[in-house]
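Engineer: Below you'll find upload.pdb; it's PDB, C-alpha atoms.
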ATOM      1  CA  MET L 159       4.248 -25.591   8.553
ATOM      2  CA  THR L 160       4.642 -21.868   9.174
ATOM      3  CA  THR L 161       2.167 -19.899  11.234
ATOM      4  CA  PRO L 162       0.162 -17.381   9.174
ATOM      5  CA  PHE L 163       0.995 -13.733   9.833
ATOM      6  CA  ASP L 164      -1.427 -12.053  12.267
ATOM      7  CA  PRO L 165      -1.372  -8.264  11.716
ATOM      8  CA  ALA L 166      -3.362  -7.526  14.896
ATOM      9  CA  ALA L 167      -0.889  -9.450  17.042
ATOM     10  CA  SER L 168       1.921  -7.384  15.488
ATOM     11  CA  GLY L 169       0.408  -3.989  16.354
ATOM     12  CA  TRP L 170      -1.515  -3.311  13.134
ATOM     13  CA  GLU L 171      -5.081  -1.941  13.210
ATOM     14  CA  VAL L 172      -7.788  -2.217  10.548
ATOM     15  CA  ILE L 173      -8.695   1.178   9.107
ATOM     16  CA  ALA L 174     -12.008   2.260   7.618
ATOM     17  CA  MET L 175     -11.743   2.889   3.905
ATOM     18  CA  SER L 176     -14.010   3.319   0.904
ATOM     19  CA  GLU L 177     -16.293   0.581  -0.365
ATOM     20  CA  PHE L 178     -13.886   0.027  -3.263
ATOM     21  CA  ILE L 179     -10.848  -0.500  -1.015
ATOM     22  CA  ASP L 180     -12.978  -2.783   1.176
ATOM     23  CA  LEU L 181     -13.181  -5.134  -1.829
ATOM     24  CA  ILE L 182      -9.474  -5.942  -1.494
ATOM     25  CA  GLY L 183      -9.184  -5.406   2.284
ATOM     26  CA  PRO L 184      -9.187  -5.220   5.105
ATOM     27  CA  VAL L 185      -6.370  -2.686   4.956
ATOM     28  CA  TRP L 186      -4.233  -2.377   8.069
ATOM     29  CA  GLN L 187      -2.330   0.636   9.418
ATOM     30  CA  ARG L 188       0.537   1.059  11.857
ATOM     31  CA  GLU L 189       2.638   4.078  12.744
ATOM     32  CA  SER L 190       6.395   4.002  12.212
ATOM     33  CA  ALA L 191       9.201   6.496  12.743
ATOM     34  CA  ALA L 192       8.913   7.416   9.043
ATOM     35  CA  GLY L 193       5.114   7.851   9.186
ATOM     36  CA  PRO L 194       2.106   5.617   8.671
ATOM     37  CA  LEU L 195       2.453   2.204   7.062
ATOM     38  CA  TYR L 196      -0.422   0.456   5.296
ATOM     39  CA  GLY L 197      -0.658  -3.304   4.985
ATOM     40  CA  LEU L 198      -2.639  -5.979   3.195
ATOM     41  CA  LEU L 199      -2.609  -9.685   4.001
ATOM     42  CA  ILE L 200      -2.565 -11.382   0.615
ATOM     43  CA  ALA L 201      -5.373 -13.917   0.173
ATOM     44  CA  GLU L 202      -6.496 -16.247  -2.600
ATOM     45  CA  LYS L 203      -8.809 -13.507  -3.937
ATOM     46  CA  HIS L 204      -5.750 -11.374  -4.760
ATOM     47  CA  ARG L 205      -4.125 -13.923  -7.120
ATOM     48  CA  ASN L 206      -3.828 -13.567 -10.873
ATOM     49  CA  ARG L 207      -3.737 -16.460 -13.364
ATOM     50  CA  ASN L 208      -0.032 -16.988 -12.590
ATOM     51  CA  GLY L 209      -0.789 -17.628  -8.911
ATOM     52  CA  VAL L 210       0.796 -14.447  -7.523
ATOM     53  CA  VAL L 211      -0.813 -11.190  -6.403
ATOM     54  CA  HIS L 212      -2.449  -9.266  -9.245
ATOM     55  CA  GLY L 213      -0.688  -6.044 -10.241
ATOM     56  CA  GLY L 214      -3.987  -4.191  -9.924
ATOM     57  CA  VAL L 215      -4.118  -5.065  -6.227
ATOM     58  CA  MET L 216      -0.589  -3.740  -5.747
ATOM     59  CA  ALA L 217      -1.406  -0.551  -7.695
ATOM     60  CA  THR L 218      -4.588  -0.024  -5.683
ATOM     61  CA  LEU L 219      -2.783  -0.402  -2.342
ATOM     62  CA  LEU L 220      -0.032   2.002  -3.411
ATOM     63  CA  ASP L 221      -2.481   4.564  -4.810
ATOM     64  CA  MET L 222      -4.495   4.477  -1.583
ATOM     65  CA  ALA L 223      -1.364   4.771   0.593
ATOM     66  CA  LEU L 224       0.074   7.632  -1.480
ATOM     67  CA  GLY L 225      -3.254   9.458  -1.276
ATOM     68  CA  ARG L 226      -3.598   9.009   2.482
ATOM     69  CA  THR L 227      -0.006  10.121   3.050
ATOM     70  CA  ALA L 228      -0.574  13.199   0.855
ATOM     71  CA  SER L 229      -3.811  14.009   2.662
ATOM     72  CA  ASP L 230      -2.139  13.685   6.068
ATOM     73  CA  ALA L 231       0.662  16.020   4.909
ATOM     74  CA  GLN L 232      -1.957  18.657   4.100
ATOM     75  CA  GLY L 233      -3.990  18.411   7.279
ATOM     76  CA  GLY L 234      -6.609  15.997   5.971
ATOM     77  CA  ARG L 235      -7.314  17.749   2.686
ATOM     78  CA  ARG L 236      -8.738  15.358   0.087
ATOM     79  CA  GLN L 237      -6.426  14.365  -2.742
ATOM     80  CA  ALA L 238      -6.797  13.067  -6.299
ATOM     81  CA  THR L 239      -4.173  11.100  -8.182
ATOM     82  CA  ILE L 240      -3.158  12.808 -11.435
ATOM     83  CA  ASN L 241      -0.278  10.474 -12.279
ATOM     84  CA  LEU L 242       0.967   7.125 -10.995
ATOM     85  CA  ASP L 243       4.157   5.574 -12.328
ATOM     86  CA  LEU L 244       4.605   2.065 -10.976
ATOM     87  CA  GLN L 245       7.300  -0.565 -11.365
ATOM     88  CA  PHE L 246       6.643  -4.166 -10.315
ATOM     89  CA  LEU L 247       9.891  -5.607  -8.956
ATOM     90  CA  GLU L 248       9.071  -8.921  -7.232
ATOM     91  CA  PRO L 249       6.064 -11.251  -7.180
ATOM     92  CA  VAL L 250       4.014 -11.484  -3.992
ATOM     93  CA  GLN L 251       2.577 -14.794  -2.782
ATOM     94  CA  VAL L 252      -0.663 -15.693  -1.016
ATOM     95  CA  GLY L 253      -0.130 -15.501   2.750
ATOM     96  CA  GLU L 254       2.444 -12.719   2.604
ATOM     97  CA  PHE L 255       1.826  -9.362   4.294
ATOM     98  CA  LEU L 256       2.327  -6.534   1.816
ATOM     99  CA  VAL L 257       3.331  -3.179   3.339
ATOM    100  CA  ALA L 258       3.120   0.264   1.692
ATOM    101  CA  GLU L 259       5.366   3.084   2.856
ATOM    102  CA  CYS L 260       5.099   6.521   1.245
ATOM    103  CA  ARG L 261       6.557   9.999   1.546
ATOM    104  CA  VAL L 262       6.171  13.496   0.158
ATOM    105  CA  VAL L 263       9.085  14.401  -2.114
ATOM    106  CA  ARG L 264       8.013  17.974  -2.892
ATOM    107  CA  ALA L 265       4.962  20.106  -2.256
ATOM    108  CA  THR L 266       3.752  23.071  -4.293
ATOM    109  CA  ARG L 267       0.623  25.121  -3.631
ATOM    110  CA  SER L 268      -1.553  22.705  -5.575
ATOM    111  CA  ILE L 269       0.417  19.487  -6.221
ATOM    112  CA  LEU L 270       2.308  17.046  -4.038
ATOM    113  CA  PHE L 271       4.998  14.869  -5.587
ATOM    114  CA  MET L 272       5.077  11.493  -3.846
ATOM    115  CA  GLN L 273       7.152   8.323  -3.702
ATOM    116  CA  GLY L 274       6.186   4.982  -2.276
ATOM    117  CA  HIS L 275       7.108   1.349  -2.253
ATOM    118  CA  LEU L 276       5.587  -1.990  -1.405
ATOM    119  CA  ARG L 277       7.543  -4.583   0.482
ATOM    120  CA  VAL L 278       7.200  -7.961   2.082
ATOM    121  CA  GLU L 279       9.558  -7.885   5.065
ATOM    122  CA  ASP L 280      12.848  -6.556   3.573
ATOM    123  CA  ARG L 281      11.973  -7.483  -0.025
ATOM    124  CA  VAL L 282      10.877  -4.462  -2.112
ATOM    125  CA  CYS L 283       8.143  -5.688  -4.479
ATOM    126  CA  ALA L 284       7.039  -2.463  -6.203
ATOM    127  CA  ALA L 285       8.041   1.186  -6.382
ATOM    128  CA  ALA L 286       5.957   4.171  -7.434
ATOM    129  CA  GLN L 287       5.946   7.892  -7.853
ATOM    130  CA  GLY L 288       3.000  10.111  -8.492
TER     131      GLY L 288
END
In structure tokens, what does this structure look like?
Structural biologist:
Amino acid sequence: MTTPFDPAASGWEVIAMSEFIDLIGPVWQRESAAGPLYGLLIAEKHRNRNGVVHGGVMATLLDMALGRTASDAQGGRRQATINLDLQFLEPVQVGEFLVAECRVVRATRSILFMQGHLRVEDRVCAAAQG
């Protein structure tokens, strides 16, 4: 039997989010050389009828991570998603730790163009731009 992943023991910290994000959370954060990473430990509540994580959970985590990364890039300015294009690449299982990593591709005066992906270890599970 494998030991369940413990985000706190691996240097992740729970971050305060909105009441909506708290419904799927807790969401974890850790700094990396490329910027902040956001994580979610997949639980039974995240499953769809096929037994894998629901696409809505993955979309929500990516949207939140893209928004926080965009806000950080603009000194904490609040952001709103105007487009989110998402591709689901691999299923995610209960017990896996899903990590979001995002970056700014281009910034104009009023819009940031973003890219992000979700992964479990080295396995990319979803990719997005918005």
Engineer: Considering all atoms listed in the file, return as number ranges by chain whatever protein or nucleic-acid residues lie within 12 Å of L:Ser168, sequence-local ones (same chain, fewer than 3 positions apart) excluded.
Structural biologist: L: 162-165, 171, 186-189, 197, 255
Engineer: As an exercise, work out the distance from atom CA of L:Asn241 to atom CA of L:Ala284 in Å and give it to one decimal place.
Structural biologist: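 So the answer is 16.1 Å.
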Engineer: Between L:Cys260, L:Gly209, L:Tyr196, L:Val215, which has the minimum distance to L:Phe246 (counting all atoms listed in the file)?
Structural biologist: L:Val215
Engineer: Go through L:Val278, L:Ile200, L:Ile173, L:Leu270 and flag the residue nearest L:Arg235, using all atoms listed in the file for the distances.
Structural biologist: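 The answer is L:Leu270, which sits nearest to L:Arg235.
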Engineer: Using the chain letters and numbers from this file, what does the PyMOL selection byres ((chain L and resi 286) around 8) select? Give the answer as a list in words.
Structural biologist: Leu220, Leu242, Asp243, Leu244, Gln245, Gln273, Gly274, His275, Ala284, Ala285, Gln287 and Gly288 of chain L
Engineer: What is the atom CA of L:Val250 to atom CA of L:Phe178 distance in Å?
Structural biologist: 21.3 Å
Engineer: What do you get, as an mmCIF file with C-alpha atoms, in the frame of the given file, if you spell out every residue that the PyMOL selection byres ((chain L and resi 236) around 12) selects here?
Structural biologist:
data_model
loop_
_atom_site.group_PDB
_atom_site.id
_atom_site.type_symbol
_atom_site.label_atom_id
_atom_site.label_comp_id
_atom_site.auth_asym_id
_atom_site.auth_seq_id
_atom_site.Cartn_x
_atom_site.Cartn_y
_atom_site.Cartn_z
ATOM 1 C CA MET L 222 -4.495 4.477 -1.583
ATOM 2 C CA LEU L 224 0.074 7.632 -1.480
ATOM 3 C CA GLY L 225 -3.254 9.458 -1.276
ATOM 4 C CA ARG L 226 -3.598 9.009 2.482
ATOM 5 C CA THR L 227 -0.006 10.121 3.050
ATOM 6 C CA ALA L 228 -0.574 13.199 0.855
ATOM 7 C CA SER L 229 -3.811 14.009 2.662
ATOM 8 C CA ASP L 230 -2.139 13.685 6.068
ATOM 9 C CA ALA L 231 0.662 16.020 4.909
ATOM 10 C CA GLN L 232 -1.957 18.657 4.100
ATOM 11 C CA GLY L 233 -3.990 18.411 7.279
ATOM 12 C CA GLY L 234 -6.609 15.997 5.971
ATOM 13 C CA ARG L 235 -7.314 17.749 2.686
ATOM 14 C CA GLN L 237 -6.426 14.365 -2.742
ATOM 15 C CA ALA L 238 -6.797 13.067 -6.299
ATOM 16 C CA THR L 239 -4.173 11.100 -8.182
ATOM 17 C CA SER L 268 -1.553 22.705 -5.575
ATOM 18 C CA ILE L 269 0.417 19.487 -6.221
ATOM 19 C CA LEU L 270 2.308 17.046 -4.038
#
Engineer: Nearest to L:Glu259: which of L:Leu247, L:Leu195, L:Ala217, L:Ala174 is it, counting only C-alpha atoms?
Structural biologist: L:Leu195
Engineer: To test your reading of the syntax: which residues would the PyMOL selection byres ((chain L and resi 279) around 9) return for the file shown? Reply as a PDB file with C-alpha atoms, in the coordinates of the input.
Structural biologist:
ATOM      1  CA  GLU L 254       2.444 -12.719   2.604  1.00  0.00           C
ATOM      2  CA  PHE L 255       1.826  -9.362   4.294  1.00  0.00           C
ATOM      3  CA  LEU L 256       2.327  -6.534   1.816  1.00  0.00           C
ATOM      4  CA  VAL L 257       3.331  -3.179   3.339  1.00  0.00           C
ATOM      5  CA  ARG L 277       7.543  -4.583   0.482  1.00  0.00           C
ATOM      6  CA  VAL L 278       7.200  -7.961   2.082  1.00  0.00           C
ATOM      7  CA  ASP L 280      12.848  -6.556   3.573  1.00  0.00           C
ATOM      8  CA  ARG L 281      11.973  -7.483  -0.025  1.00  0.00           C
ATOM      9  CA  VAL L 282      10.877  -4.462  -2.112  1.00  0.00           C
TER      10      VAL L 282
END
Engineer: Considering only C-alpha atoms, state which residue in the set L:Thr266, L:Ser176, L:Thr218, L:Thr161 is at the smallest distance from L:Leu198.
Structural biologist: L:Thr218
Engineer: Between atom CA of L:Arg264 and atom CA of L:Ala223, measure the distance and give it in Å to one decimal.
Structural biologist: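 Separation between atom CA of L:Arg264 and atom CA of L:Ala223: 16.6 Å.
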Engineer: So that I can check the surroundings of L:His212, please list as a CSV table (one decimal) with C-alpha atoms, in the coordinates of the input every protein, DNA and RNA residue that reaches within 12 Å of it, counting all atoms listed in the file and ignoring chain neighbours fewer than 6 positions away.
Structural biologist:
chain,number,residue,atom,x,y,z
L,182,ILE,CA,-9.5,-5.9,-1.5
L,200,ILE,CA,-2.6,-11.4,0.6
L,201,ALA,CA,-5.4,-13.9,0.2
L,202,GLU,CA,-6.5,-16.2,-2.6
L,203,LYS,CA,-8.8,-13.5,-3.9
L,204,HIS,CA,-5.8,-11.4,-4.8
L,205,ARG,CA,-4.1,-13.9,-7.1
L,206,ASN,CA,-3.8,-13.6,-10.9
L,218,THR,CA,-4.6,0.0,-5.7
L,219,LEU,CA,-2.8,-0.4,-2.3
L,246,PHE,CA,6.6,-4.2,-10.3
L,248,GLU,CA,9.1,-8.9,-7.2
L,249,PRO,CA,6.1,-11.3,-7.2
L,250,VAL,CA,4.0,-11.5,-4.0
L,251,GLN,CA,2.6,-14.8,-2.8
L,252,VAL,CA,-0.7,-15.7,-1.0
Engineer: Could you check the closest approach to L:Ala192 for each of L:Ala258, L:Ala167, L:Arg267, L:Ile240 and tell me which residue wins, using only C-alpha atoms?
Structural biologist: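 That would be L:Ala258, the residue with the smallest distance to L:Ala192.
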Engineer: Could you give me stretch 255-266 of chain L completed to all heavy atoms, formatted as an mmCIF file, in the coordinates of the input?
Structural biologist:
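The new file part_23.cif reads:
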data_model
loop_
_atom_site.group_PDB
_atom_site.id
_atom_site.type_symbol
_atom_site.label_atom_id
_atom_site.label_comp_id
_atom_site.auth_asym_id
_atom_site.auth_seq_id
_atom_site.Cartn_x
_atom_site.Cartn_y
_atom_site.Cartn_z
ATOM 1 N N PHE L 255 2.378 -10.636 3.848
ATOM 2 C CA PHE L 255 1.826 -9.362 4.294
ATOM 3 C C PHE L 255 2.536 -8.257 3.540
ATOM 4 O O PHE L 255 3.733 -8.029 3.708
ATOM 5 C CB PHE L 255 1.998 -9.204 5.805
ATOM 6 C CG PHE L 255 1.227 -8.043 6.376
ATOM 7 C CD1 PHE L 255 -0.151 -8.025 6.344
ATOM 8 C CD2 PHE L 255 1.886 -6.976 6.956
ATOM 9 C CE1 PHE L 255 -0.880 -6.959 6.862
ATOM 10 C CE2 PHE L 255 1.182 -5.908 7.495
ATOM 11 C CZ PHE L 255 -0.206 -5.901 7.443
ATOM 12 N N LEU L 256 1.798 -7.564 2.690
ATOM 13 C CA LEU L 256 2.327 -6.534 1.816
ATOM 14 C C LEU L 256 2.193 -5.177 2.494
ATOM 15 O O LEU L 256 1.103 -4.792 2.915
ATOM 16 C CB LEU L 256 1.544 -6.562 0.496
ATOM 17 C CG LEU L 256 2.052 -5.744 -0.663
ATOM 18 C CD1 LEU L 256 3.477 -6.137 -1.053
ATOM 19 C CD2 LEU L 256 1.109 -5.916 -1.856
ATOM 20 N N VAL L 257 3.299 -4.448 2.611
ATOM 21 C CA VAL L 257 3.331 -3.179 3.339
ATOM 22 C C VAL L 257 3.666 -2.030 2.391
ATOM 23 O O VAL L 257 4.614 -2.118 1.607
ATOM 24 C CB VAL L 257 4.367 -3.231 4.484
ATOM 25 C CG1 VAL L 257 4.501 -1.874 5.170
ATOM 26 C CG2 VAL L 257 4.001 -4.310 5.482
ATOM 27 N N ALA L 258 2.886 -0.955 2.472
ATOM 28 C CA ALA L 258 3.120 0.264 1.692
ATOM 29 C C ALA L 258 3.691 1.339 2.605
ATOM 30 O O ALA L 258 3.159 1.595 3.687
ATOM 31 C CB ALA L 258 1.815 0.755 1.072
ATOM 32 N N GLU L 259 4.763 1.954 2.146
ATOM 33 C CA GLU L 259 5.366 3.084 2.856
ATOM 34 C C GLU L 259 5.557 4.210 1.846
ATOM 35 O O GLU L 259 6.108 3.988 0.767
ATOM 36 C CB GLU L 259 6.706 2.682 3.460
ATOM 37 C CG GLU L 259 7.351 3.772 4.280
ATOM 38 C CD GLU L 259 8.598 3.309 5.004
ATOM 39 O OE1 GLU L 259 8.982 2.136 4.877
ATOM 40 O OE2 GLU L 259 9.199 4.151 5.691
ATOM 41 N N CYS L 260 5.092 5.404 2.186
ATOM 42 C CA CYS L 260 5.099 6.521 1.245
ATOM 43 C C CYS L 260 5.638 7.783 1.899
ATOM 44 O O CYS L 260 5.620 7.916 3.119
ATOM 45 C CB CYS L 260 3.679 6.788 0.743
ATOM 46 S SG CYS L 260 2.899 5.348 -0.008
ATOM 47 N N ARG L 261 6.073 8.717 1.031
ATOM 48 C CA ARG L 261 6.557 9.999 1.546
ATOM 49 C C ARG L 261 6.346 11.091 0.512
ATOM 50 O O ARG L 261 6.266 10.834 -0.688
ATOM 51 C CB ARG L 261 8.026 9.913 1.932
ATOM 52 C CG ARG L 261 8.971 9.765 0.768
ATOM 53 C CD ARG L 261 10.430 9.645 1.233
ATOM 54 N NE ARG L 261 11.329 9.614 0.098
ATOM 55 C CZ ARG L 261 11.931 10.676 -0.431
ATOM 56 N NH1 ARG L 261 11.727 11.867 0.081
ATOM 57 N NH2 ARG L 261 12.742 10.563 -1.464
ATOM 58 N N VAL L 262 6.255 12.316 1.015
ATOM 59 C CA VAL L 262 6.171 13.496 0.158
ATOM 60 C C VAL L 262 7.584 13.853 -0.274
ATOM 61 O O VAL L 262 8.478 13.997 0.555
ATOM 62 C CB VAL L 262 5.526 14.685 0.907
ATOM 63 C CG1 VAL L 262 5.515 15.929 0.030
ATOM 64 C CG2 VAL L 262 4.132 14.335 1.386
ATOM 65 N N VAL L 263 7.789 14.003 -1.573
ATOM 66 C CA VAL L 263 9.085 14.401 -2.114
ATOM 67 C C VAL L 263 9.159 15.919 -2.227
ATOM 68 O O VAL L 263 10.146 16.541 -1.857
ATOM 69 C CB VAL L 263 9.329 13.755 -3.496
ATOM 70 C CG1 VAL L 263 10.622 14.246 -4.120
ATOM 71 C CG2 VAL L 263 9.330 12.242 -3.371
ATOM 72 N N ARG L 264 8.073 16.522 -2.728
ATOM 73 C CA ARG L 264 8.013 17.974 -2.892
ATOM 74 C C ARG L 264 6.558 18.413 -2.883
ATOM 75 O O ARG L 264 5.691 17.719 -3.410
ATOM 76 C CB ARG L 264 8.657 18.386 -4.215
ATOM 77 C CG ARG L 264 8.690 19.881 -4.429
ATOM 78 C CD ARG L 264 9.550 20.253 -5.639
ATOM 79 N NE ARG L 264 9.640 21.684 -5.754
ATOM 80 C CZ ARG L 264 8.836 22.445 -6.505
ATOM 81 N NH1 ARG L 264 7.874 21.882 -7.193
ATOM 82 N NH2 ARG L 264 9.000 23.739 -6.562
ATOM 83 N N ALA L 265 6.319 19.556 -2.298
ATOM 84 C CA ALA L 265 4.962 20.106 -2.256
ATOM 85 C C ALA L 265 4.953 21.499 -2.867
ATOM 86 O O ALA L 265 5.801 22.326 -2.544
ATOM 87 C CB ALA L 265 4.464 20.177 -0.818
ATOM 88 N N THR L 266 3.999 21.728 -3.770
ATOM 89 C CA THR L 266 3.752 23.071 -4.293
ATOM 90 C C THR L 266 2.423 23.527 -3.701
ATOM 91 O O THR L 266 1.830 22.819 -2.884
ATOM 92 C CB THR L 266 3.697 23.078 -5.837
ATOM 93 O OG1 THR L 266 2.508 22.412 -6.261
ATOM 94 C CG2 THR L 266 4.927 22.420 -6.433
#
